[in-house]
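Everything below belongs to protein_22.csv, which stores CSV, C-alpha atoms.
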```csv
chain,number,residue,atom,x,y,z
F,14,MET,CA,91.2,91.1,73.2
F,15,PHE,CA,94.6,92.5,72.2
F,16,THR,CA,96.4,92.6,68.9
F,17,ASN,CA,99.6,94.1,67.5
F,18,LEU,CA,101.1,94.1,64.1
F,19,ILE,CA,104.7,93.6,65.0
F,20,LEU,CA,107.8,94.2,62.8
F,21,LYS,CA,111.2,93.2,64.2
F,22,ILE,CA,114.3,94.4,62.4
F,23,THR,CA,117.6,93.8,64.4
F,24,HIS,CA,116.3,95.9,67.3
F,25,ILE,CA,112.7,95.0,67.9
F,26,ALA,CA,110.3,97.5,66.4
F,27,TYR,CA,106.5,97.3,66.3
F,28,PHE,CA,103.9,98.2,63.8
F,29,SER,CA,100.2,98.1,64.7
F,30,ILE,CA,98.0,98.1,61.6
F,31,PHE,CA,94.3,98.7,61.6
F,32,ASN,CA,92.3,96.3,59.4
F,33,SER,CA,88.7,95.9,58.7
F,34,TYR,CA,87.0,92.7,59.9
F,35,ALA,CA,86.7,91.4,56.4
F,36,MET,CA,90.4,91.6,55.4
F,37,LYS,CA,92.4,88.7,56.6
F,38,LYS,CA,95.1,88.5,53.9
F,39,THR,CA,98.5,89.4,54.9
F,40,THR,CA,100.8,88.6,51.9
F,41,LEU,CA,100.6,92.0,50.2
F,42,LEU,CA,100.9,94.0,53.5
F,43,PHE,CA,103.8,91.9,54.6
F,44,GLY,CA,105.6,92.5,51.3
F,45,MET,CA,105.1,96.2,51.5
F,46,LEU,CA,106.5,96.4,55.1
F,47,LEU,CA,109.4,94.2,54.2
F,48,ALA,CA,110.3,96.4,51.2
F,49,PHE,CA,110.1,99.5,53.4
F,50,ALA,CA,112.2,97.9,56.1
F,51,THR,CA,115.1,97.0,53.8
F,52,THR,CA,115.5,100.6,52.7
F,53,GLN,CA,115.7,101.9,56.3
F,54,ALA,CA,118.3,101.9,59.1
F,55,GLN,CA,118.7,98.9,61.3
F,56,SER,CA,116.1,100.2,63.8
F,57,ILE,CA,112.6,101.3,63.0
F,58,GLU,CA,110.4,103.1,65.5
F,59,ARG,CA,107.0,101.6,66.2
F,60,GLN,CA,103.9,103.1,64.6
F,61,VAL,CA,100.3,102.6,65.4
F,62,ILE,CA,97.7,103.1,62.7
F,63,GLY,CA,94.1,103.3,63.8
F,64,SER,CA,92.5,105.0,66.8
F,65,ALA,CA,91.5,101.9,68.9
F,66,GLY,CA,93.4,101.5,72.1
F,67,SER,CA,94.8,103.9,74.8
F,68,THR,CA,97.5,104.6,77.3
F,69,ILE,CA,97.2,104.4,81.0
F,70,THR,CA,99.8,105.2,83.7
F,71,ASN,CA,100.1,105.0,87.5
F,72,GLY,CA,102.8,107.6,87.6
F,73,SER,CA,105.7,105.2,87.4
F,74,THR,CA,104.6,102.6,84.9
F,75,THR,CA,102.9,103.2,81.5
F,76,LEU,CA,100.9,100.7,79.6
F,77,GLU,CA,100.0,101.2,75.9
F,78,PHE,CA,97.4,98.8,74.5
F,79,THR,CA,95.2,98.2,71.5
F,80,VAL,CA,91.9,96.5,71.5
F,81,GLY,CA,90.8,93.9,69.1
F,82,GLU,CA,90.6,90.2,68.1
F,83,VAL,CA,93.4,87.7,68.9
F,84,ALA,CA,96.3,87.6,66.5
F,85,VAL,CA,95.4,85.4,63.6
F,86,THR,CA,98.8,84.6,62.0
F,87,THR,CA,102.5,85.2,62.4
F,88,ILE,CA,104.9,85.3,59.4
F,89,THR,CA,108.7,85.4,59.6
F,90,ASN,CA,111.6,85.2,57.1
F,91,GLY,CA,114.2,84.8,59.9
F,92,THR,CA,115.0,88.5,60.3
F,93,THR,CA,111.5,90.1,60.1
F,94,THR,CA,108.4,89.0,62.0
F,95,LEU,CA,104.8,90.1,61.3
F,96,THR,CA,102.0,89.3,63.7
F,97,GLN,CA,98.5,90.2,62.3
F,98,GLY,CA,95.2,90.8,64.1
F,99,PHE,CA,92.2,93.1,63.8
F,100,HIS,CA,91.4,96.2,65.9
F,101,GLN,CA,88.0,97.2,67.2
F,102,GLY,CA,86.8,100.6,68.1
F,103,ASP,CA,85.5,100.1,71.6
F,104,ARG,CA,87.3,101.9,74.4
F,105,MET,CA,88.4,99.5,77.2
F,106,ILE,CA,89.1,101.9,80.0
F,107,VAL,CA,86.8,104.1,82.3
F,108,VAL,CA,87.8,106.5,84.9
F,109,LEU,CA,86.0,107.1,88.2
F,110,ASN,CA,86.5,110.1,90.5
F,111,ALA,CA,84.5,109.2,93.6
F,112,LYS,CA,84.1,110.9,97.0
F,113,VAL,CA,82.8,109.3,100.2
F,114,PHE,CA,83.0,109.9,104.0
F,115,LEU,CA,83.5,107.2,106.6
F,116,GLN,CA,81.4,108.0,109.7
F,117,GLY,CA,83.9,106.8,112.3
F,118,PRO,CA,86.9,109.0,111.4
F,119,LEU,CA,84.5,111.9,110.5
F,120,LEU,CA,83.1,111.8,114.0
F,121,GLY,CA,86.6,111.8,115.4
F,122,SER,CA,87.5,115.1,113.7
F,123,GLY,CA,86.3,118.6,114.4
F,124,ASP,CA,87.2,120.2,111.1
F,125,GLY,CA,84.7,118.7,108.8
F,126,LEU,CA,87.2,116.3,107.4
F,127,MET,CA,88.0,112.7,108.4
F,128,GLN,CA,90.7,112.3,111.0
F,129,ASP,CA,93.9,110.4,109.9
F,130,GLY,CA,94.9,108.9,113.2
F,131,LEU,CA,95.7,105.6,111.6
F,132,ARG,CA,98.1,107.3,109.1
F,133,SER,CA,99.8,109.6,111.7
F,134,GLY,CA,100.2,106.7,114.1
F,135,GLY,CA,101.9,104.6,111.4
F,136,HIS,CA,99.3,101.9,111.5
F,137,ILE,CA,98.0,101.8,107.8
F,138,PRO,CA,99.6,98.8,106.1
F,139,THR,CA,101.2,99.2,102.7
F,140,ALA,CA,99.3,96.1,101.5
F,141,THR,CA,95.5,96.2,101.2
F,142,PRO,CA,93.3,94.4,103.7
F,143,TYR,CA,91.1,93.3,100.8
F,144,SER,CA,91.5,90.3,98.5
F,145,ASP,CA,93.0,91.8,95.3
F,146,GLY,CA,96.5,92.1,96.8
F,147,ALA,CA,97.1,95.7,95.9
F,148,THR,CA,100.0,97.6,97.5
F,149,ALA,CA,101.0,101.2,98.0
F,150,ASP,CA,104.4,102.8,98.4
F,151,ALA,CA,105.1,103.8,102.1
F,152,SER,CA,105.7,107.4,100.9
F,153,VAL,CA,102.0,107.7,100.0
F,154,PHE,CA,101.3,107.8,103.8
F,155,ASN,CA,103.6,110.7,104.4
F,156,VAL,CA,101.2,113.2,102.9
F,157,THR,CA,99.5,115.5,105.4
F,158,GLY,CA,96.6,118.0,105.2
F,159,ASN,CA,93.3,117.5,103.2
F,160,ASP,CA,94.9,114.8,101.0
F,161,ALA,CA,96.3,112.7,103.8
F,162,ILE,CA,95.3,109.1,103.5
F,163,VAL,CA,92.7,107.9,106.0
F,164,ASP,CA,92.5,104.2,105.1
F,165,TRP,CA,92.2,101.6,102.4
F,166,ILE,CA,88.7,101.2,100.7
F,167,TYR,CA,87.2,98.9,98.1
F,168,VAL,CA,85.4,99.9,94.9
F,169,GLU,CA,83.3,97.7,92.6
F,170,LEU,CA,81.6,98.2,89.2
F,171,ARG,CA,78.6,96.0,88.8
F,172,ASP,CA,76.8,95.0,85.6
F,173,SER,CA,74.0,97.3,84.4
F,174,GLY,CA,71.7,94.3,84.0
F,175,ASP,CA,72.5,92.7,87.4
F,176,ASN,CA,73.5,94.8,90.4
F,177,THR,CA,74.9,91.6,92.1
F,178,SER,CA,77.4,90.9,89.3
F,179,VAL,CA,80.8,92.5,89.8
F,180,VAL,CA,82.5,93.2,86.5
F,181,ALA,CA,85.5,95.1,87.9
F,182,GLU,CA,86.9,95.9,91.3
F,183,THR,CA,89.9,97.4,93.0
F,184,SER,CA,91.4,98.4,96.3
F,185,ALA,CA,91.9,102.1,96.6
F,186,LEU,CA,92.7,104.8,99.2
F,187,VAL,CA,90.5,107.4,100.7
F,188,GLN,CA,91.8,110.9,101.7
F,189,ARG,CA,90.7,113.1,104.6
F,190,ASP,CA,88.5,115.2,102.2
F,191,GLY,CA,86.7,112.0,101.0
F,192,ASP,CA,88.4,111.7,97.6
F,193,ILE,CA,89.0,108.0,96.6
F,194,VAL,CA,92.3,107.7,94.8
F,195,HIS,CA,94.5,105.1,93.2
F,196,THR,CA,97.3,103.5,95.3
F,197,ASP,CA,99.7,106.2,94.1
F,198,GLY,CA,97.7,108.5,96.5
F,199,THR,CA,96.6,111.1,93.9
F,200,SER,CA,95.1,109.6,90.7
F,201,GLY,CA,91.5,108.7,90.1
F,202,LEU,CA,90.5,105.1,89.6
F,203,SER,CA,90.8,103.4,86.2
F,204,PHE,CA,89.0,100.2,85.3
F,205,MET,CA,89.7,98.0,82.3
F,206,VAL,CA,86.1,97.8,81.0
F,207,ALA,CA,84.2,99.2,78.1
F,208,GLU,CA,82.6,102.6,78.4
F,209,GLY,CA,79.0,102.2,79.5
F,210,ASN,CA,76.6,102.2,82.5
F,211,TYR,CA,77.5,100.5,85.7
F,212,TYR,CA,76.4,100.4,89.3
F,213,VAL,CA,79.1,101.7,91.7
F,214,ALA,CA,79.5,99.9,95.0
F,215,ILE,CA,81.9,101.1,97.8
F,216,LYS,CA,82.9,98.9,100.8
F,217,HIS,CA,85.1,99.3,103.9
F,218,ARG,CA,86.3,96.9,106.4
F,219,ASN,CA,84.3,98.3,109.4
F,220,HIS,CA,81.7,100.5,107.7
F,221,LEU,CA,78.6,99.3,105.9
F,222,GLY,CA,78.9,99.1,102.2
F,223,VAL,CA,76.7,101.0,99.7
F,224,ILE,CA,75.8,100.9,96.1
F,225,THR,CA,74.2,103.4,93.7
F,226,ASN,CA,70.5,102.9,93.1
F,227,ALA,CA,70.9,103.7,89.4
F,228,THR,CA,73.7,102.9,86.9
F,229,GLN,CA,76.3,105.6,86.3
F,230,ALA,CA,77.7,106.4,82.9
F,231,LEU,CA,81.4,105.8,83.0
F,232,THR,CA,83.7,107.0,80.2
F,233,GLU,CA,87.4,107.3,79.5
F,234,THR,CA,87.2,111.0,80.3
F,235,GLY,CA,86.0,110.3,83.8
F,236,LEU,CA,82.9,110.5,86.0
F,237,SER,CA,82.6,112.5,89.3
F,238,LEU,CA,80.5,110.7,91.9
F,239,ASP,CA,80.1,112.5,95.2
F,240,LEU,CA,78.4,110.5,97.9
F,241,THR,CA,79.0,113.0,100.7
F,242,ASP,CA,75.7,114.7,99.9
F,243,ASN,CA,72.3,113.4,98.8
F,244,SER,CA,72.5,114.2,95.2
F,245,VAL,CA,73.1,110.6,94.3
F,246,THR,CA,70.3,108.1,95.2
F,247,MET,CA,71.6,105.0,96.9
F,248,TYR,CA,70.1,101.5,96.8
F,249,SER,CA,68.0,100.6,99.9
F,250,GLY,CA,66.6,97.1,99.5
F,251,ASN,CA,67.5,95.5,102.8
F,252,GLY,CA,64.8,96.7,105.2
F,253,ASN,CA,64.2,100.3,106.2
F,254,SER,CA,67.8,101.2,107.2
F,255,ASP,CA,69.2,104.3,105.6
F,256,PRO,CA,72.1,103.5,103.1
F,257,LEU,CA,74.1,106.5,104.4
F,258,THR,CA,73.9,108.3,107.7
F,259,ASN,CA,73.0,112.0,107.8
F,260,PHE,CA,75.0,113.9,110.4
F,261,GLY,CA,72.1,116.4,111.0
F,262,THR,CA,72.5,119.9,112.4
F,263,PRO,CA,74.9,121.6,111.8
F,264,ASN,CA,76.0,119.2,109.1
F,265,ALA,CA,72.6,118.5,107.6
F,266,SER,CA,74.1,118.2,104.1
F,267,VAL,CA,76.8,115.8,105.1
F,268,TYR,CA,76.4,112.0,104.6
F,269,ALA,CA,78.7,109.1,105.4
F,270,MET,CA,78.9,105.4,105.4
F,271,TRP,CA,77.6,103.8,108.6
F,272,ALA,CA,80.4,102.9,111.1
F,273,GLY,CA,80.2,100.0,113.6
F,274,ASP,CA,80.7,96.8,111.6
F,275,ALA,CA,83.5,95.5,113.8
F,276,ASN,CA,83.1,91.9,112.8
F,277,ASN,CA,82.6,92.6,109.1
F,278,ASP,CA,79.3,90.7,108.8
F,279,GLU,CA,77.6,93.7,107.0
F,280,ARG,CA,75.6,94.5,110.0
F,281,VAL,CA,75.8,97.0,113.0
F,282,ILE,CA,74.5,95.4,116.2
F,283,PHE,CA,74.6,96.8,119.7
F,284,LEU,CA,72.5,94.2,121.7
F,285,ASN,CA,71.6,91.1,119.7
F,286,THR,CA,73.2,88.0,118.3
F,287,GLY,CA,76.4,89.0,116.6
F,288,ALA,CA,76.8,92.2,118.6
F,289,GLU,CA,80.0,94.2,118.0
F,290,SER,CA,80.7,94.3,121.7
F,291,VAL,CA,81.7,90.7,121.7
F,292,ASP,CA,84.4,91.3,119.1
F,293,VAL,CA,85.7,94.5,120.7
F,294,LYS,CA,85.9,92.9,124.2
F,295,GLN,CA,87.7,89.8,122.8
F,296,LEU,CA,90.3,91.8,121.0
F,297,VAL,CA,91.0,93.9,124.1
F,298,LEU,CA,91.4,90.8,126.2
F,299,ASP,CA,93.6,89.0,123.7
F,300,ARG,CA,95.9,92.0,123.1
F,301,SER,CA,96.2,92.9,126.8
F,302,ALA,CA,97.1,89.3,127.6
F,303,ILE,CA,100.0,89.6,125.2
F,304,GLU,CA,101.0,93.2,125.6
F,305,SER,CA,100.2,94.4,129.1
F,306,PRO,CA,102.4,93.6,132.0
F,307,PHE,CA,99.3,93.3,134.1
F,308,GLY,CA,97.7,90.6,132.0
F,309,ALA,CA,94.3,90.4,130.4
F,310,SER,CA,92.1,93.4,131.2
F,311,VAL,CA,89.0,94.9,129.7
F,312,PHE,CA,90.4,98.4,130.4
F,313,TYR,CA,93.4,97.9,128.2
F,314,LYS,CA,93.6,100.0,125.0
F,315,PRO,CA,95.3,98.1,122.1
F,316,GLN,CA,96.9,100.3,119.5
F,317,GLY,CA,97.2,99.3,115.8
F,318,TYR,CA,95.2,98.5,112.7
F,319,TYR,CA,92.1,96.7,113.9
F,320,ASN,CA,88.6,96.4,112.5
F,321,GLU,CA,87.4,96.9,116.1
F,322,ASP,CA,88.8,100.4,116.0
F,323,LEU,CA,85.5,102.0,114.9
F,324,TYR,CA,86.6,105.7,115.2
F,325,MET,CA,89.8,104.7,113.3
F,326,ASP,CA,92.1,106.7,115.6
F,327,GLY,CA,94.5,103.8,116.1
F,328,GLU,CA,93.1,102.7,119.5
F,329,VAL,CA,90.5,100.2,120.5
F,330,ILE,CA,88.5,100.9,123.7
F,331,PHE,CA,86.0,98.6,125.4
F,332,LEU,CA,85.5,100.0,128.9
F,333,ASN,CA,86.8,103.5,129.2
F,334,ALA,CA,85.9,107.1,128.1
F,335,GLY,CA,85.4,107.3,124.4
F,336,ASN,CA,84.9,103.6,123.9
F,337,ASP,CA,84.1,102.3,120.5
F,338,LEU,CA,80.8,100.8,121.5
F,339,ILE,CA,79.2,104.2,122.1
F,340,LEU,CA,79.4,104.7,118.4
F,341,VAL,CA,77.6,101.4,117.8
F,342,ARG,CA,74.8,102.2,120.3
F,343,ASP,CA,74.3,105.7,119.0
F,344,ASN,CA,74.1,104.5,115.4
F,345,VAL,CA,71.5,101.8,116.2
F,346,LEU,CA,69.3,104.4,118.0
F,347,ALA,CA,69.8,107.0,115.2
F,348,ASP,CA,68.9,104.7,112.3
F,349,GLY,CA,65.8,105.9,110.5
F,350,GLY,CA,64.6,102.3,110.3
F,351,ASN,CA,64.6,101.9,114.1
F,352,ILE,CA,61.0,102.9,114.5
F,353,PHE,CA,60.7,101.5,118.0
F,354,ASN,CA,64.0,103.2,119.2
F,355,SER,CA,65.3,99.8,120.3
F,356,VAL,CA,68.8,99.0,121.3
F,357,PHE,CA,68.2,95.5,119.7
F,358,HIS,CA,67.7,97.1,116.3
F,359,ILE,CA,70.1,95.9,113.5
F,360,ILE,CA,71.4,98.1,110.7
F,361,SER,CA,72.1,96.1,107.6
F,362,ALA,CA,74.4,97.0,104.7
F,363,GLN,CA,72.5,98.2,101.7
F,364,LEU,CA,74.1,95.9,99.2
F,365,PRO,CA,72.2,93.5,96.9
```
Spell out the structure here as structure tokens.
Amino acid sequence: MFTNLILKITHIAYFSIFNSYAMKKTTLLFGMLLAFATTQAQSIERQVIGSAGSTITNGSTTLEFTVGEVAVTTITNGTTTLTQGFHQGDRMIVVLNAKVFLQGPLLGSGDGLMQDGLRSGGHIPTATPYSDGATADASVFNVTGNDAIVDWIYVELRDSGDNTSVVAETSALVQRDGDIVHTDGTSGLSFMVAEGNYYVAIKHRNHLGVITNATQALTETGLSLDLTDNSVTMYSGNGNSDPLTNFGTPNASVYAMWAGDANNDERVIFLNTGAESVDVKQLVLDRSAIESPFGASVFYKPQGYYNEDLYMDGEVIFLNAGNDLILVRDNVLADGGNIFNSVFHIISAQLP
């Protein structure tokens, strides 16, 4: 809840006064402020008394806020207005500096970082593909090198008492080196929740989502959470599938979110009901029927921003060298839960 003690004199000026919960009388305070105001110039700069509240910025916009009960009364004499409320001490912002690899673009790069073919090809939209409607300035996608943007990603904080209950969520961007950043392309993520313990979940449009097995202590000063190694234990409650895939030799210490969920049903399937091959083939046929002068063809390679582009290089391939379904097959066979080494095995997202 937000509150301000506001004093308006000709030009609007603001006073925020910290009160105890028990004090709800405003007459004396109002008189003191009014007496002070009449001895000053026509404009009084705002003052905030009390430590509750904070300031956040995204680089271009700054929001200053206080935390407390709703305003309880407003008094005015026609030229001066006083709005009274009561501050609390709880901080209502936490910062998360997370890092994660997406398997698809990591496999498509030979330098230990994720490839940024979607960015370099001009395919990443400035509007998020997720439901919160976030946007990013087009200039964010001009950055190259380790901090080049790979794609949009989605981050959730879940309640410490119920890992299925989402208390805060946001679209974000992931860089080549795995850093998850705000839509400005550089800042860590800020959530408007009280400092405390939360489960952290990360989702992507064609990779299997993950969530921490234990709560993480989030504060205003920030928490660093690196999911590219095995220092953080991940939730694994949906069968025997590994939450993150291990790249093995020579990258035995590198972990990434499973690629291959072309139809976004939180499963990776090579040969079974709901197989990704159906969606990849259909996209190729649909796009070739529209774009190719030769009509519909399973050999066509649509270019753009598609969930079926599992390597995330800006191209969808169904029947050709380097086709996206090779990744699905190899993942199904490599999953630690596939004890029978079956192509019919299903990898499920490890999300409660």
For Ala269 (chain F): contacts at 12 Å, only C-alpha atoms, fewer than 5 positions along chain excluded, given as a ChimeraX atom specification: /F:112-120,125-127,190-191,215-217,220-223,239-243,247,255-261,264,344
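Atom pair CA of His195 (chain F) / CA of Thr139 (chain F) has a distance of 13.0 Å (rounded to one decimal).
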d(CA of Ile137 (chain F), CA of Ile359 (chain F)) in Å: 29.1 Å
Residue list as a PyMOL selection string for point (80.9, 105.4, 119.5), cut-off 9 Å, only C-alpha atoms: chain F and resi 117+120+272-273+323-324+335-344
Listing only residues of region 107-220 of chain F within 8 Å of region 325-334 of chain F, what is the closest atom pair and its distance in Å (to one decimal) for each, using all atoms listed in the file, sorted by chain and residue number ascending, as CSV?
```
residue,atom,partner,partner_atom,distance
F:Gly117,CA,F:Met325,CA,6.3
F:Pro118,CA,F:Met325,CA,5.5
F:Gly121,CA,F:Asp326,CA,7.5
F:Gln128,CA,F:Asp326,CA,7.4
F:Asp129,CA,F:Asp326,CA,7.0
F:Gly130,CA,F:Asp326,CA,4.3
F:Leu131,CA,F:Gly327,CA,5.0
F:Gly134,CA,F:Gly327,CA,6.7
F:His136,CA,F:Gly327,CA,6.9
```
Near-Asn219 (chain F) list (6 Å; all atoms listed in the file; drop same-chain fewer than 6 positions) as JSON, numbers by chain: {"F": [274, 275, 277, 320]}
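Between CA of Ser184 (chain F) and CA of Met205 (chain F) lies a distance of 14.1 Å.
Ranking F:Thr157, F:Ser254, F:Thr177, F:Thr141 by their shortest atom-to-atom distance to Ile360 (chain F), with all atoms listed in the file included, puts F:Ser254 first.
Residue nearest Ser173 (chain F) within the list F:Ile282, F:Ile193, F:Ala111, F:Ala230: F:Ala230 [criterion: smallest interatomic distance, only C-alpha atoms].
Among the candidates F:Gly250, F:Gly201, F:Pro315, F:Gly209, the residue lying nearest to Val293 (chain F) is F:Pro315 (atoms considered: only C-alpha atoms).
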Of the listed residues F:Val206, F:Val180, F:Val187, F:Ala147, that which approaches Ile106 (chain F) most closely, counting all atoms listed in the file: F:Val206
Could you name the residues that touch Val179 (chain F) at 9 Å or less, counting all atoms listed in the file, but leaving out those on the same chain fewer than 4 positions away, as an mmCIF file with C-alpha atoms, keeping the file's coordinate frame?
```cif
data_model
loop_
_atom_site.group_PDB
_atom_site.id
_atom_site.type_symbol
_atom_site.label_atom_id
_atom_site.label_comp_id
_atom_site.auth_asym_id
_atom_site.auth_seq_id
_atom_site.Cartn_x
_atom_site.Cartn_y
_atom_site.Cartn_z
ATOM 1 C CA GLU F 169 83.300 97.700 92.600
ATOM 2 C CA LEU F 170 81.600 98.200 89.200
ATOM 3 C CA ARG F 171 78.600 96.000 88.800
ATOM 4 C CA ASP F 172 76.800 95.000 85.600
ATOM 5 C CA ASP F 175 72.500 92.700 87.400
#
```
Counting only C-alpha atoms, the option among F:Tyr211, F:Phe154, F:Tyr248, F:Trp271 closest to Ala347 (chain F): F:Trp271
